[in-house]
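Okay, so here's the structure we're looking at.
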Amino acid sequence: QVQLVESGGGLVQAGGSLRLSCAASRTISSINAMGWYRQAPGKQRELVAKITNFGGTNYADSVKGRFTISRDNAKNTVYLQMNSLKPEDTGVYYCNEVTPFGPRRNYWGQGTQVTVSS
């Protein structure tokens, strides 16, 4: 079990940047893959970025080239650097473990709101 606390969201104009942080209540070094998920208004939650313990990354096509995920196991924290933000990036962002069976249901935090104005 781990508690995840997301922060760093806010209101930004299109083209701007934000850096999200996800702090875990215990070590994440034993967690193979962590990810950032996004839930846009009226849409299902989707995985937008994933990072493995070996540093391998994957991105949704919609954010590729603009978002960068990173992790600092020593600080038990996962980051999401978001550049060139677009209005369609608006949503609540959550972090969670990424498993072959999907995210851990009991790991969801409160998320952090990102709003991009045009």
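Ordering of the structure tokens sets the chain letters (A, B, ...), residue numbers begin anew at 1 in every chain, and ligands are numbered from 1 in the order given.
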Go through stretch 13-38 of chain A residue by residue and, counting only C-alpha atoms, keep those with an atom at most 10 Å from stretch 92-96 of chain A; for each kept residue give the shortest atom pair and its distance in Å to one decimal, ordered by chain and increasing number, as a Markdown table.
```
| residue | atom | partner | partner_atom | distance |
| --- | --- | --- | --- | --- |
| A:Leu20 | CA | A:Tyr93 | CA | 8.5 |
| A:Ser21 | CA | A:Cys95 | CA | 8.8 |
| A:Cys22 | CA | A:Cys95 | CA | 6.4 |
| A:Ala23 | CA | A:Cys95 | CA | 9.2 |
| A:Ala24 | CA | A:Cys95 | CA | 9.6 |
| A:Ala33 | CA | A:Asn96 | CA | 8.8 |
| A:Met34 | CA | A:Asn96 | CA | 5.8 |
| A:Gly35 | CA | A:Cys95 | CA | 5.5 |
| A:Trp36 | CA | A:Cys95 | CA | 4.4 |
| A:Tyr37 | CA | A:Tyr94 | CA | 5.1 |
| A:Arg38 | CA | A:Tyr93 | CA | 4.5 |
```
Contact residues around stretch 58-75 of chain A with only C-alpha atoms at 8 Å, ignoring same-chain residues under 6 positions, as a PyMOL selection string: chain A and resi 23+27-29+47-51+81-85
The selected residues should be written to file as an mmCIF file, in the first residue's frame (atoms: all heavy atoms).
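After the write, out11.cif holds the following:
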```
data_model
loop_
_atom_site.group_PDB
_atom_site.id
_atom_site.type_symbol
_atom_site.label_atom_id
_atom_site.label_comp_id
_atom_site.auth_asym_id
_atom_site.auth_seq_id
_atom_site.Cartn_x
_atom_site.Cartn_y
_atom_site.Cartn_z
ATOM 1 N N ALA A 23 4.318 12.752 -4.724
ATOM 2 C CA ALA A 23 5.100 12.288 -3.583
ATOM 3 C C ALA A 23 4.465 11.033 -3.004
ATOM 4 O O ALA A 23 3.261 11.007 -2.728
ATOM 5 C CB ALA A 23 5.159 13.382 -2.524
ATOM 6 N N THR A 27 8.911 4.162 -0.053
ATOM 7 C CA THR A 27 9.823 4.024 -1.171
ATOM 8 C C THR A 27 9.100 3.500 -2.410
ATOM 9 O O THR A 27 8.205 2.660 -2.324
ATOM 10 C CB THR A 27 10.974 3.066 -0.819
ATOM 11 O OG1 THR A 27 11.852 2.960 -1.950
ATOM 12 C CG2 THR A 27 10.460 1.676 -0.465
ATOM 13 N N ILE A 28 9.485 4.052 -3.556
ATOM 14 C CA ILE A 28 8.924 3.585 -4.829
ATOM 15 C C ILE A 28 9.957 2.785 -5.621
ATOM 16 O O ILE A 28 9.708 2.389 -6.750
ATOM 17 C CB ILE A 28 8.405 4.750 -5.702
ATOM 18 C CG1 ILE A 28 9.535 5.737 -6.016
ATOM 19 C CG2 ILE A 28 7.240 5.449 -5.016
ATOM 20 C CD1 ILE A 28 9.151 6.793 -7.033
ATOM 21 N N SER A 29 11.111 2.545 -5.012
ATOM 22 C CA SER A 29 12.169 1.832 -5.738
ATOM 23 C C SER A 29 11.762 0.404 -6.082
ATOM 24 O O SER A 29 12.295 -0.194 -7.006
ATOM 25 C CB SER A 29 13.462 1.831 -4.921
ATOM 26 O OG SER A 29 13.250 1.215 -3.669
ATOM 27 N N LEU A 47 -3.846 7.017 -19.457
ATOM 28 C CA LEU A 47 -2.427 7.063 -19.134
ATOM 29 C C LEU A 47 -1.725 7.944 -20.157
ATOM 30 O O LEU A 47 -1.812 7.691 -21.357
ATOM 31 C CB LEU A 47 -1.841 5.651 -19.150
ATOM 32 C CG LEU A 47 -0.347 5.513 -18.892
ATOM 33 C CD1 LEU A 47 0.008 5.953 -17.479
ATOM 34 C CD2 LEU A 47 0.101 4.064 -19.121
ATOM 35 N N VAL A 48 -1.014 8.969 -19.697
ATOM 36 C CA VAL A 48 -0.335 9.862 -20.636
ATOM 37 C C VAL A 48 1.188 9.686 -20.625
ATOM 38 O O VAL A 48 1.849 10.023 -21.611
ATOM 39 C CB VAL A 48 -0.677 11.348 -20.393
ATOM 40 C CG1 VAL A 48 -2.156 11.593 -20.618
ATOM 41 C CG2 VAL A 48 -0.275 11.785 -18.996
ATOM 42 N N ALA A 49 1.738 9.178 -19.530
ATOM 43 C CA ALA A 49 3.193 8.996 -19.468
ATOM 44 C C ALA A 49 3.519 7.905 -18.457
ATOM 45 O O ALA A 49 2.863 7.787 -17.428
ATOM 46 C CB ALA A 49 3.887 10.288 -19.074
ATOM 47 N N LYS A 50 4.557 7.136 -18.774
ATOM 48 C CA LYS A 50 4.956 6.011 -17.932
ATOM 49 C C LYS A 50 6.471 5.977 -17.859
ATOM 50 O O LYS A 50 7.155 6.281 -18.841
ATOM 51 C CB LYS A 50 4.422 4.719 -18.546
ATOM 52 C CG LYS A 50 4.983 3.429 -17.998
ATOM 53 C CD LYS A 50 4.523 2.269 -18.854
ATOM 54 C CE LYS A 50 5.328 1.015 -18.597
ATOM 55 N NZ LYS A 50 4.927 -0.086 -19.503
ATOM 56 N N ILE A 51 7.000 5.597 -16.682
ATOM 57 C CA ILE A 51 8.443 5.443 -16.533
ATOM 58 C C ILE A 51 8.733 4.193 -15.727
ATOM 59 O O ILE A 51 8.090 3.941 -14.704
ATOM 60 C CB ILE A 51 9.082 6.698 -15.881
ATOM 61 C CG1 ILE A 51 10.607 6.557 -15.853
ATOM 62 C CG2 ILE A 51 8.524 6.960 -14.486
ATOM 63 C CD1 ILE A 51 11.325 7.871 -15.529
ATOM 64 N N GLN A 81 7.000 17.032 -16.346
ATOM 65 C CA GLN A 81 7.255 18.357 -16.916
ATOM 66 C C GLN A 81 6.387 18.496 -18.157
ATOM 67 O O GLN A 81 6.500 17.688 -19.080
ATOM 68 C CB GLN A 81 8.733 18.509 -17.275
ATOM 69 C CG GLN A 81 9.075 19.829 -17.929
ATOM 70 C CD GLN A 81 8.904 21.004 -16.988
ATOM 71 O OE1 GLN A 81 9.293 20.952 -15.829
ATOM 72 N NE2 GLN A 81 8.314 22.092 -17.495
ATOM 73 N N MET A 82 5.542 19.502 -18.157
ATOM 74 C CA MET A 82 4.616 19.715 -19.262
ATOM 75 C C MET A 82 4.930 21.042 -19.934
ATOM 76 O O MET A 82 4.844 22.098 -19.299
ATOM 77 C CB MET A 82 3.176 19.704 -18.757
ATOM 78 C CG MET A 82 2.826 18.454 -17.943
ATOM 79 S SD MET A 82 1.074 18.345 -17.539
ATOM 80 C CE MET A 82 0.895 19.779 -16.488
ATOM 81 N N ASN A 83 5.313 20.992 -21.188
ATOM 82 C CA ASN A 83 5.631 22.188 -21.971
ATOM 83 C C ASN A 83 4.663 22.331 -23.129
ATOM 84 O O ASN A 83 3.971 21.375 -23.494
ATOM 85 C CB ASN A 83 7.059 22.095 -22.500
ATOM 86 C CG ASN A 83 8.100 22.024 -21.394
ATOM 87 O OD1 ASN A 83 7.921 22.592 -20.314
ATOM 88 N ND2 ASN A 83 9.192 21.322 -21.655
ATOM 89 N N SER A 84 4.638 23.515 -23.702
ATOM 90 C CA SER A 84 3.778 23.783 -24.867
ATOM 91 C C SER A 84 2.353 23.295 -24.606
ATOM 92 O O SER A 84 1.752 22.606 -25.445
ATOM 93 C CB SER A 84 4.352 23.104 -26.117
ATOM 94 O OG SER A 84 5.666 23.551 -26.369
ATOM 95 N N LEU A 85 1.828 23.669 -23.479
ATOM 96 C CA LEU A 85 0.510 23.180 -23.076
ATOM 97 C C LEU A 85 -0.583 23.678 -24.016
ATOM 98 O O LEU A 85 -0.513 24.796 -24.551
ATOM 99 C CB LEU A 85 0.209 23.596 -21.647
ATOM 100 C CG LEU A 85 0.925 22.748 -20.587
ATOM 101 C CD1 LEU A 85 0.961 23.457 -19.246
ATOM 102 C CD2 LEU A 85 0.254 21.396 -20.457
#
```
Filtered DSSP result for stretch 19-118 of chain A, state helix (DSSP H, G or I), as an MDAnalysis selection string: chainID A and resid 73:75 87:89 105:107
Export of the given selection (C-alpha atoms) as an mmCIF file, in the first residue's frame:
```cif
data_model
loop_
_atom_site.group_PDB
_atom_site.id
_atom_site.type_symbol
_atom_site.label_atom_id
_atom_site.label_comp_id
_atom_site.auth_asym_id
_atom_site.auth_seq_id
_atom_site.Cartn_x
_atom_site.Cartn_y
_atom_site.Cartn_z
ATOM 1 C CA ASN A 73 13.584 7.052 -6.125
ATOM 2 C CA ALA A 74 15.679 8.648 -3.378
ATOM 3 C CA LYS A 75 12.951 11.246 -2.855
ATOM 4 C CA PRO A 87 -6.327 23.613 -23.962
ATOM 5 C CA GLU A 88 -6.925 19.906 -24.575
ATOM 6 C CA ASP A 89 -4.391 19.128 -21.829
ATOM 7 C CA ARG A 105 -7.354 0.939 -7.443
ATOM 8 C CA ASN A 106 -6.357 1.747 -3.881
ATOM 9 C CA TYR A 107 -3.447 4.015 -4.830
#
```
Nearby residues (only C-alpha atoms) at most 9 Å from A:Thr99, same-chain spacing under 2 positions excluded, as an NGL selection string: :A and (32-34 or 97 or 101-104)
With N, CA and C atoms kept, could you save the residues just selected as a PDB file, in the first residue's frame?
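The result, written out as result.pdb:
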```
ATOM      1  N   ASN A  32       8.004  -1.114 -10.220  1.00  0.00           N
ATOM      2  CA  ASN A  32       8.651  -1.149 -11.536  1.00  0.00           C
ATOM      3  C   ASN A  32       8.266   0.042 -12.401  1.00  0.00           C
ATOM      4  N   ALA A  33       6.976   0.284 -12.514  1.00  0.00           N
ATOM      5  CA  ALA A  33       6.531   1.332 -13.433  1.00  0.00           C
ATOM      6  C   ALA A  33       5.554   2.274 -12.745  1.00  0.00           C
ATOM      7  N   MET A  34       5.809   3.555 -12.893  1.00  0.00           N
ATOM      8  CA  MET A  34       4.908   4.595 -12.397  1.00  0.00           C
ATOM      9  C   MET A  34       4.411   5.400 -13.587  1.00  0.00           C
ATOM     10  N   GLU A  97       0.767   3.525  -9.902  1.00  0.00           N
ATOM     11  CA  GLU A  97       1.574   2.452 -10.441  1.00  0.00           C
ATOM     12  C   GLU A  97       0.949   1.999 -11.763  1.00  0.00           C
ATOM     13  N   PHE A 101      -2.197  -5.142 -15.381  1.00  0.00           N
ATOM     14  CA  PHE A 101      -3.630  -5.226 -15.130  1.00  0.00           C
ATOM     15  C   PHE A 101      -4.253  -3.845 -14.926  1.00  0.00           C
ATOM     16  N   GLY A 102      -3.463  -2.802 -15.146  1.00  0.00           N
ATOM     17  CA  GLY A 102      -3.963  -1.453 -14.976  1.00  0.00           C
ATOM     18  C   GLY A 102      -3.438  -0.815 -13.712  1.00  0.00           C
ATOM     19  N   PRO A 103      -3.924   0.388 -13.387  1.00  0.00           N
ATOM     20  CA  PRO A 103      -3.465   1.062 -12.172  1.00  0.00           C
ATOM     21  C   PRO A 103      -4.017   0.395 -10.919  1.00  0.00           C
ATOM     22  N   ARG A 104      -3.358   0.655  -9.793  1.00  0.00           N
ATOM     23  CA  ARG A 104      -3.808   0.104  -8.514  1.00  0.00           C
ATOM     24  C   ARG A 104      -5.005   0.914  -8.027  1.00  0.00           C
TER      25      ARG A 104
END
```
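Shortest separation to A:Gln110 among A:Thr52, A:Val78, A:Val12, A:Gln39 occurs at residue A:Gln39, atoms counted being only C-alpha atoms.
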Between atom CA of A:Val116 and atom CA of A:Leu18 - distance in Å to one decimal: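 Computed distance, atom CA of A:Leu18 to atom CA of A:Val116, equals 10.2 Å.
Here atom CA of A:Asn53 and atom CA of A:Gln1 stand 18.0 Å from one another.
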Filtered DSSP result for chain A, state strand (DSSP E or B), as a ChimeraX atom specification: /A:4-7,10-13,18-24,33-39,46-52,57-59,67-72,77-82,91-97,99,102,112-117
Can those selected residues be exported to a file as a PDB file, in the first residue's frame so that it contains C-alpha atoms?
```
ATOM      1  CA  LEU A   4       0.303   9.284  -3.446  1.00  0.00           C
ATOM      2  CA  VAL A   5      -0.021  13.063  -3.257  1.00  0.00           C
ATOM      3  CA  GLU A   6      -0.027  15.057  -6.466  1.00  0.00           C
ATOM      4  CA  SER A   7       0.793  18.772  -6.649  1.00  0.00           C
ATOM      5  CA  GLY A  10      -2.763  25.369 -11.851  1.00  0.00           C
ATOM      6  CA  LEU A  11      -4.108  27.710 -14.481  1.00  0.00           C
ATOM      7  CA  VAL A  12      -1.802  28.464 -17.387  1.00  0.00           C
ATOM      8  CA  GLN A  13      -2.143  29.991 -20.835  1.00  0.00           C
ATOM      9  CA  LEU A  18       3.877  23.336 -15.544  1.00  0.00           C
ATOM     10  CA  ARG A  19       5.770  20.779 -13.492  1.00  0.00           C
ATOM     11  CA  LEU A  20       3.740  18.250 -11.563  1.00  0.00           C
ATOM     12  CA  SER A  21       5.041  16.274  -8.599  1.00  0.00           C
ATOM     13  CA  CYS A  22       3.816  13.035  -7.076  1.00  0.00           C
ATOM     14  CA  ALA A  23       5.100  12.288  -3.583  1.00  0.00           C
ATOM     15  CA  ALA A  24       4.798   8.742  -2.278  1.00  0.00           C
ATOM     16  CA  ALA A  33       6.531   1.332 -13.433  1.00  0.00           C
ATOM     17  CA  MET A  34       4.908   4.595 -12.397  1.00  0.00           C
ATOM     18  CA  GLY A  35       2.668   6.691 -14.555  1.00  0.00           C
ATOM     19  CA  TRP A  36       0.761   9.916 -14.878  1.00  0.00           C
ATOM     20  CA  TYR A  37      -2.903   9.655 -15.768  1.00  0.00           C
ATOM     21  CA  ARG A  38      -5.204  12.400 -16.953  1.00  0.00           C
ATOM     22  CA  GLN A  39      -8.962  12.714 -16.676  1.00  0.00           C
ATOM     23  CA  GLU A  46      -6.102   7.852 -19.581  1.00  0.00           C
ATOM     24  CA  LEU A  47      -2.427   7.063 -19.134  1.00  0.00           C
ATOM     25  CA  VAL A  48      -0.335   9.862 -20.636  1.00  0.00           C
ATOM     26  CA  ALA A  49       3.193   8.996 -19.468  1.00  0.00           C
ATOM     27  CA  LYS A  50       4.956   6.011 -17.932  1.00  0.00           C
ATOM     28  CA  ILE A  51       8.443   5.443 -16.533  1.00  0.00           C
ATOM     29  CA  THR A  52      10.060   2.200 -15.465  1.00  0.00           C
ATOM     30  CA  THR A  57       9.597   5.981 -20.818  1.00  0.00           C
ATOM     31  CA  ASN A  58       6.453   5.845 -22.910  1.00  0.00           C
ATOM     32  CA  TYR A  59       4.056   8.618 -23.835  1.00  0.00           C
ATOM     33  CA  PHE A  67       5.752  16.124 -21.739  1.00  0.00           C
ATOM     34  CA  THR A  68       8.654  14.523 -19.880  1.00  0.00           C
ATOM     35  CA  ILE A  69       8.228  12.062 -17.029  1.00  0.00           C
ATOM     36  CA  SER A  70      10.996  11.423 -14.513  1.00  0.00           C
ATOM     37  CA  ARG A  71      11.388   9.763 -11.139  1.00  0.00           C
ATOM     38  CA  ASP A  72      13.661  10.243  -8.157  1.00  0.00           C
ATOM     39  CA  THR A  77       8.800  11.282  -6.125  1.00  0.00           C
ATOM     40  CA  VAL A  78       7.667  11.159  -9.724  1.00  0.00           C
ATOM     41  CA  TYR A  79       7.540  14.292 -11.887  1.00  0.00           C
ATOM     42  CA  LEU A  80       5.812  15.380 -15.052  1.00  0.00           C
ATOM     43  CA  GLN A  81       7.255  18.357 -16.916  1.00  0.00           C
ATOM     44  CA  MET A  82       4.616  19.715 -19.262  1.00  0.00           C
ATOM     45  CA  GLY A  91      -7.924  17.865 -16.703  1.00  0.00           C
ATOM     46  CA  VAL A  92      -7.133  16.344 -13.356  1.00  0.00           C
ATOM     47  CA  TYR A  93      -3.752  14.639 -13.291  1.00  0.00           C
ATOM     48  CA  TYR A  94      -3.061  11.621 -11.102  1.00  0.00           C
ATOM     49  CA  CYS A  95      -0.059   9.397 -10.590  1.00  0.00           C
ATOM     50  CA  ASN A  96      -0.266   5.674  -9.946  1.00  0.00           C
ATOM     51  CA  GLU A  97       1.574   2.452 -10.441  1.00  0.00           C
ATOM     52  CA  THR A  99       0.781  -2.758 -13.952  1.00  0.00           C
ATOM     53  CA  GLY A 102      -3.963  -1.453 -14.976  1.00  0.00           C
ATOM     54  CA  THR A 112      -4.037  17.989  -9.236  1.00  0.00           C
ATOM     55  CA  GLN A 113      -6.078  20.207 -11.552  1.00  0.00           C
ATOM     56  CA  VAL A 114      -4.478  21.566 -14.700  1.00  0.00           C
ATOM     57  CA  THR A 115      -6.390  24.173 -16.668  1.00  0.00           C
ATOM     58  CA  VAL A 116      -5.022  25.540 -19.931  1.00  0.00           C
ATOM     59  CA  SER A 117      -6.710  28.622 -21.325  1.00  0.00           C
TER      60      SER A 117
END
```
Pick from A:Gly16, A:Asn76, A:Lys86, A:Pro41, whichever lies nearest to A:Gln3 using only C-alpha atoms: A:Asn76
